[in-house]
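Asker: Have a look at this one before I ask anything.
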Amino acid sequence: MLEGKNVNLRVREREDLDFFVEHHHNDVNFYGEHGPVMTQMSKTEAEKRFENPSPIVTVCEAVRFVIMSKDGTKIGSIGHYFVQPSKLMEIGYDIIPSERDKGYGTEAVQIMVDYLFLSKDIVRIQAVTNVDNIPSQRVLEKAGFAREGTLRKVSHVRQEWGDVYVYSVLREEWKEPKILTKTS
Amino acid sequence: MLEGKNVNLRIVEKEDLSLLHEWDNNPDFRGEFEQLREETKTDLEKLYDNLKDSQWFFIEKKDGTKIGNIAHLLSAGEVEVGYFVVPNERKKGYATEAIMIMVDYLFLSKAIERIQAKADPENIASCKALEKAGFKREGILRKTFFARGKWKDDCMFSILREEWKEPKILTRTA
């Protein structure tokens, strides 16, 4: 488990599937007005996918973590994966609606960035956000990411093709861990 | 179970994996010389189910408390050992004894001439455990593994059957 000041990150296990089914899949408003509507999912289907991930999960080496507050409550998720075939490390994150605006997203991203630069020989981590999703952009900016540019009409959200901003942080800017500072 | 003076080695059963999982996923527990990794229980189970020639053992104190783990595995055709002791039981000689028991076991049960182990040259405690267990330094593998944000060297150690000569701890089986 990766421990921060106000949140911890733990890899997703089978016991967490209920949380994902309830929030990410079955709440049509989970990702908000600027986010996608995910397919509804039964627990059985979720378990099937957990046992037998699609080839994309394997090729992209996708790993998802649960974000927990210090008392153990699950409040969101954050994942890392390679955008292929260019093998670019990208992260994606979310916080349940009732726990937003408290800085949890920013800290989760900072912990993940520390973890990725410490455990993998990569020089860049990127993230994308819908151009209207201001809170998500703030998370990245506070976590040290720089906005690089706009990808036009890549995101199909609620009947429209929308633009996204690309952000990145480089190892040479990050320099050293901000949160995962204890090592022994 | 392999019995020593102050520790025993007990093979890891599937039911014990949750303890190993807890140890593996705790960066402070593993310490500054270990790679940061976060694995799911399923990942660990998959590894366990595919051990083939490798074996995992718990290091237990005589009262049964599990204080670490030691394994042997095939690394590019060579028999290699790896070990870990929980932070609050270090500096008590447990790793050295666990390594010696494992060496006795491997030379007694396999027709091999050599057992190797690798340790970060900056990990003085780990290098000392190997040397006290009779291993000799062979050389440095430069920038061979990525841990905690840097490429690190590893030091190769080995012990030969002709140096070991006879069991030091598993003497009742000889």
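In the structure tokens, the first chain shown is A, the next is B, and so on; residue numbers restart at 1 for each chain, and ligands run from 1 in the order shown.
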Using only C-alpha atoms, which residues sit within 6 Å of range 134-148 of chain A once same-chain residues fewer than 2 positions away are excluded, as a list in words?
Answerer: Thr106, Gln110, Asp132, Val166, Tyr167, Ser168 and Val169 of chain A
Asker: Go through chain B and collect every residue that DSSP, computed from the backbone, puts in strand (DSSP E); the answer should be as a PyMOL selection string.
Answerer: chain B and resi 2-3+7-11+55-61+66-75+78-85+114-119+136-147+150-160
Asker: Enumerate the residues of chain A with a DSSP assignment of helix (DSSP H, G or I), computed from the backbone, and present them as a VMD selection string.
Answerer: chain A and resid 14 to 25 43 to 51 55 to 59 97 to 99 104 to 119 134 to 142 171 to 174
Asker: List the spatial neighbours of Asp114 in chain A as a PyMOL selection string - criterion: any atom at most 8 Å away, only C-alpha atoms, same-chain residues fewer than 6 positions off excluded.
Answerer: chain A and resi 176-180
Asker: Kindly save the residues from that selection, with N, CA and C atoms included, as an mmCIF file, in the first residue's frame.
Answerer:
data_model
loop_
_atom_site.group_PDB
_atom_site.id
_atom_site.type_symbol
_atom_site.label_atom_id
_atom_site.label_comp_id
_atom_site.auth_asym_id
_atom_site.auth_seq_id
_atom_site.Cartn_x
_atom_site.Cartn_y
_atom_site.Cartn_z
ATOM 1 N N GLU A 176 12.522 14.422 -7.387
ATOM 2 C CA GLU A 176 12.575 13.469 -6.267
ATOM 3 C C GLU A 176 11.167 13.307 -5.707
ATOM 4 N N PRO A 177 10.920 12.237 -4.980
ATOM 5 C CA PRO A 177 9.564 12.015 -4.454
ATOM 6 C C PRO A 177 9.107 13.136 -3.532
ATOM 7 N N LYS A 178 7.797 13.471 -3.659
ATOM 8 C CA LYS A 178 7.238 14.524 -2.796
ATOM 9 C C LYS A 178 6.535 13.904 -1.605
ATOM 10 N N ILE A 179 5.944 12.731 -1.819
ATOM 11 C CA ILE A 179 5.132 12.129 -0.765
ATOM 12 C C ILE A 179 5.713 10.783 -0.318
ATOM 13 N N LEU A 180 6.147 9.951 -1.267
ATOM 14 C CA LEU A 180 6.723 8.655 -0.892
ATOM 15 C C LEU A 180 8.178 8.855 -0.514
#
Asker: Would you give me, as a JSON list (two decimals) with N, CA and C atoms, in the first residue's frame, the residues of chain A that come within 7 Å of chain B, using only C-alpha atoms?
Answerer:
[["chain", "number", "residue", "atom", "x", "y", "z"],
["A", 1, "MET", "N", 0.86, -1.20, 0.00],
["A", 1, "MET", "CA", 0.00, 0.00, 0.00],
["A", 1, "MET", "C", 0.89, 1.24, 0.00],
["A", 11, "VAL", "N", -3.62, -1.48, -4.53],
["A", 11, "VAL", "CA", -4.04, -2.10, -5.80],
["A", 11, "VAL", "C", -5.43, -2.68, -5.67],
["A", 12, "ARG", "N", -6.19, -2.64, -6.75],
["A", 12, "ARG", "CA", -7.56, -3.14, -6.73],
["A", 12, "ARG", "C", -7.55, -4.66, -6.60],
["A", 13, "GLU", "N", -8.34, -5.15, -5.66],
["A", 13, "GLU", "CA", -8.50, -6.60, -5.46],
["A", 13, "GLU", "C", -9.95, -6.98, -5.74],
["A", 117, "PHE", "N", 7.80, 7.04, -11.06],
["A", 117, "PHE", "CA", 9.19, 7.42, -11.32],
["A", 117, "PHE", "C", 10.16, 6.60, -10.46],
["A", 118, "LEU", "N", 9.73, 6.18, -9.27],
["A", 118, "LEU", "CA", 10.61, 5.37, -8.43],
["A", 118, "LEU", "C", 10.71, 3.93, -8.91],
["A", 119, "SER", "N", 9.63, 3.40, -9.50],
["A", 119, "SER", "CA", 9.64, 1.97, -9.79],
["A", 119, "SER", "C", 9.87, 1.65, -11.26],
["A", 120, "LYS", "N", 9.80, 2.61, -12.13],
["A", 120, "LYS", "CA", 9.96, 2.35, -13.56],
["A", 120, "LYS", "C", 10.93, 3.34, -14.18],
["A", 121, "ASP", "N", 11.68, 2.82, -15.16],
["A", 121, "ASP", "CA", 12.69, 3.64, -15.82],
["A", 121, "ASP", "C", 12.03, 4.42, -16.96],
["A", 182, "LYS", "N", 9.66, 8.27, 2.72],
["A", 182, "LYS", "CA", 10.27, 7.29, 3.64],
["A", 182, "LYS", "C", 10.63, 6.07, 2.83],
["A", 183, "THR", "N", 11.79, 5.51, 3.02],
["A", 183, "THR", "CA", 12.10, 4.29, 2.28],
["A", 183, "THR", "C", 12.39, 3.12, 3.19],
["A", 184, "SER", "N", 12.66, 3.36, 4.46],
["A", 184, "SER", "CA", 13.03, 2.22, 5.31],
["A", 184, "SER", "C", 12.69, 2.49, 6.75]]
Asker: I'd like the contact shell of range 74-89 of chain A - 8 Å cut-off, only C-alpha atoms, skipping same-chain residues fewer than 6 positions apart - returned as a PDB file with C-alpha atoms, in the first residue's frame.
Answerer:
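The file below, out_30.pdb, is the result:
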ATOM      1  CA  PHE A  19     -17.261  -0.380  -5.227  1.00  0.00           C
ATOM      2  CA  VAL A  59      -0.908  -5.094 -23.788  1.00  0.00           C
ATOM      3  CA  CYS A  60      -1.239  -1.729 -22.046  1.00  0.00           C
ATOM      4  CA  GLU A  61      -0.086  -3.210 -18.713  1.00  0.00           C
ATOM      5  CA  ALA A  62      -2.973  -1.454 -17.031  1.00  0.00           C
ATOM      6  CA  VAL A  63      -3.050  -1.467 -13.234  1.00  0.00           C
ATOM      7  CA  ARG A  64      -5.774   0.141 -11.149  1.00  0.00           C
ATOM      8  CA  PHE A  65      -5.524   1.290  -7.537  1.00  0.00           C
ATOM      9  CA  VAL A  66      -8.273   2.183  -5.083  1.00  0.00           C
ATOM     10  CA  ILE A  67      -7.910   5.589  -3.381  1.00  0.00           C
ATOM     11  CA  MET A  68      -8.793   5.339   0.306  1.00  0.00           C
ATOM     12  CA  ILE A  95     -13.020  10.665  -6.961  1.00  0.00           C
ATOM     13  CA  ILE A  96     -16.590   9.858  -5.914  1.00  0.00           C
ATOM     14  CA  GLU A  99     -15.423  13.541  -1.693  1.00  0.00           C
ATOM     15  CA  ALA A 108      -3.418  10.611  -5.215  1.00  0.00           C
ATOM     16  CA  VAL A 109      -1.812  11.855  -8.438  1.00  0.00           C
ATOM     17  CA  MET A 112       1.185   7.811  -8.217  1.00  0.00           C
ATOM     18  CA  ILE A 122      10.499   6.220 -17.596  1.00  0.00           C
ATOM     19  CA  ARG A 124       7.556  11.053 -18.834  1.00  0.00           C
ATOM     20  CA  ILE A 125       4.058  10.580 -17.421  1.00  0.00           C
ATOM     21  CA  GLN A 126       1.061  12.027 -19.206  1.00  0.00           C
TER      22      GLN A 126
END
Asker: CA of Lys5 in chain A and CA of Glu22 in chain A are how many Å apart?
Answerer: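 About the pair CA of Lys5 in chain A and CA of Glu22 in chain A: they are 26.8 Å apart.
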Asker: Kindly give the distance, in Å, that separates CA of Ala127 in chain A and CA of Asp163 in chain A, rounded to a single decimal.
Answerer: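 The value is 13.6 Å.
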Asker: Which residue, A:Gly105, A:Gly162, A:Pro55, A:Gly32, has the smallest gap to Gly92 in chain A when you use only C-alpha atoms?
Answerer: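 Smallest distance to Gly92 in chain A is found for A:Gly105.
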Asker: Could you check which of B:His21, B:Lys136, B:Arg114, B:Lys61 is closest to Glu89 in chain B, using only C-alpha atoms?
Answerer: B:Lys61
